[in-house]
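What follows is a short report on a single structure.
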Amino acid sequence: MSSFQMITSLFLLAMMVGASNAQLSATYYAKTCPNVSSIVRSVLRQAEQNDIWIFPKLVRLHFHDCFVHGCDASLLLNGTDSEKTATPNLSTDGYAVIDDIKTALEKACPRVVSCADILALAAQISVSLGGGPTWKVPLGRRDSRTAHREGTGTIPTGHESLAVIATLFKSMGLDSTDLVALSGVHTFGRARCAAFMDRLYNFNNVSGKIDPTLNGTYAKTLGQLCPKGGDVTSLIDLDEQTSLTFDNKYFLDLQNRRGLLQTDQELFSTKGAETVAIVNRFASSQSQFFNSFAKAMIKMGNINPLTGTNGEIRLDCRKIN
């Protein structure tokens, strides 16, 4: 989807977000499933034994779910028109762990905890177990009965300009601080070569051009890891130094022009942008980053959730009841 198409497709989404009147509460399951958080945490600790990258994978699922028609677990649905088979989601992973969490919760609290809330809780606990902040997750979302494949064009690809990304976030009720804080999730995890190779060989569709905001030494390193004509699915650490730890090193990378994705580096390298000062603030204070990230995650988790009698509580996160 082009930048113009993305911007024009945001008006309906903005109306949806504005119309949302969610009644979520951190104590929603206090009586019906009081151990929900500890059950999710237990499954995630076990999952980490099998996949050291599971935490950033699960956080990404929550992002990709919320950015398409809101946080309703529509991403998890299988089918020919599923969101997970759309181009922006082909590299997502972690679905089996969500299934494991659902299985454990169905044993403890049958027909109570939604898949949408599982995604939100899994994201928070993954960040916490990865070394990041802890926050109380507002709960009470219900699950969508339909997928929204047509809406996946609003998921950032990593190639957009700051103007486009800022417009996207604003349409969802997220300001510049939220944008920078949520982008900081790239302090852990990996990205495919395809997500940034244009910065090395074809920036702005100019053959042989390297993104001028990219550190020259870093560009050479990336060129060795992702050679022209090589495997575009190869995975590269988003943060060179601590890619398995949730910290503020990502912002130091941006200051040194070593942001892996274009959308990341533009937060710091776009002259006159208000995001530059925010990057500098988070680079100098991990606690400020953590506080802002937690607040932004709560705001993102409140994008157009289904509540009350809307939607359903799926018994299997991959299909409707």
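Labeling convention for the structure tokens: chains A, B, ... as they appear, residues from 1 per chain, ligands from 1 in order of appearance.
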Check your understanding: segment 69-307 of chain A: which residues are helix (DSSP H, G or I) by DSSP, as a ChimeraX atom specification?
Key -> /A:74-76,87-89,95-108,115-129,149-154,162-171,176-187,193-195,198-201,203-205,216-225,249-255,262-269,275-284,286-300
Check your understanding: Contacts of segment 196-201 of chain A at 7 Å or less, counting only C-alpha atoms, minus same-chain residues fewer than 2 places along, as an NGL selection string?
Key -> :A and (193-194 or 203 or 207-211 or 219 or 223 or 260-262)
Practice item. Within 9 Å of segment 64-68 of chain A, counting only C-alpha atoms, which residues show up once you throw out same-chain ones fewer than 2 positions away? Write them as a PyMOL selection string, please. Key: chain A and resi 13+59-62+70-76+83+88-89+92+116+119+148-156+172+300-305
Who sits within 6 Å of segment 131-135 of chain A, only C-alpha atoms, same chain under 5 positions skipped, as a compact mmCIF listing (two decimals) with C-alpha atoms, in the first residue's frame:
# COMPACT_ATOMS: atom_id res chain seq x y z
CA THR A 245 16.84 -7.25 26.52
CA PHE A 246 14.21 -4.54 26.82
CA PHE A 290 9.81 2.90 30.57
Check your understanding: In terms of the shortest atom-to-atom distance over only C-alpha atoms, which of A:Ser284, A:Gln46, A:Asn256, A:Thr187 is closest to Gln241 of chain A?
Key -> A:Thr187
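DSSP on the backbone gives strand (DSSP E or B) for these parts of segment 89-312 of chain A: A:Leu139, A:Arg142, A:Asp143, A:Arg190, A:Ala191, A:Arg192, A:Leu235, A:Ile236, A:Asp237, A:Leu306, A:Glu312.
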Practice item. Could you jot down the atom CA of Ser292 of chain A to atom CA of Ala277 of chain A separation for me, Å, one decimal place? Key: 14.0 Å
**Study point:** Non-local contacts of Arg145 of chain A (12 Å; only C-alpha atoms; under 4 positions in same chain excluded) as a VMD selection string
**Key:** chain A and resid 72 to 78 82 115 to 116 306 310 to 314 316 to 321
Review point. So which residues touch Val185 of chain A within 12 Å, counting only C-alpha atoms, skipping near sequence neighbours fewer than 5 positions away, as number ranges by chain?
Key: A: 55-60, 62-63, 123-124, 126-128, 130-133, 178-180, 190, 238-239, 243-251, 264, 289-290, 292-294, 296-297
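Once Val43 of chain A and its same-chain neighbours fewer than 4 positions away are set aside, A:Ile39, A:Ala47, A:Ile101 remain within 7 Å of it when counting only C-alpha atoms.
The space separating atom CA of Trp53 of chain A from atom CA of Val232 of chain A comes to 19.1 Å.
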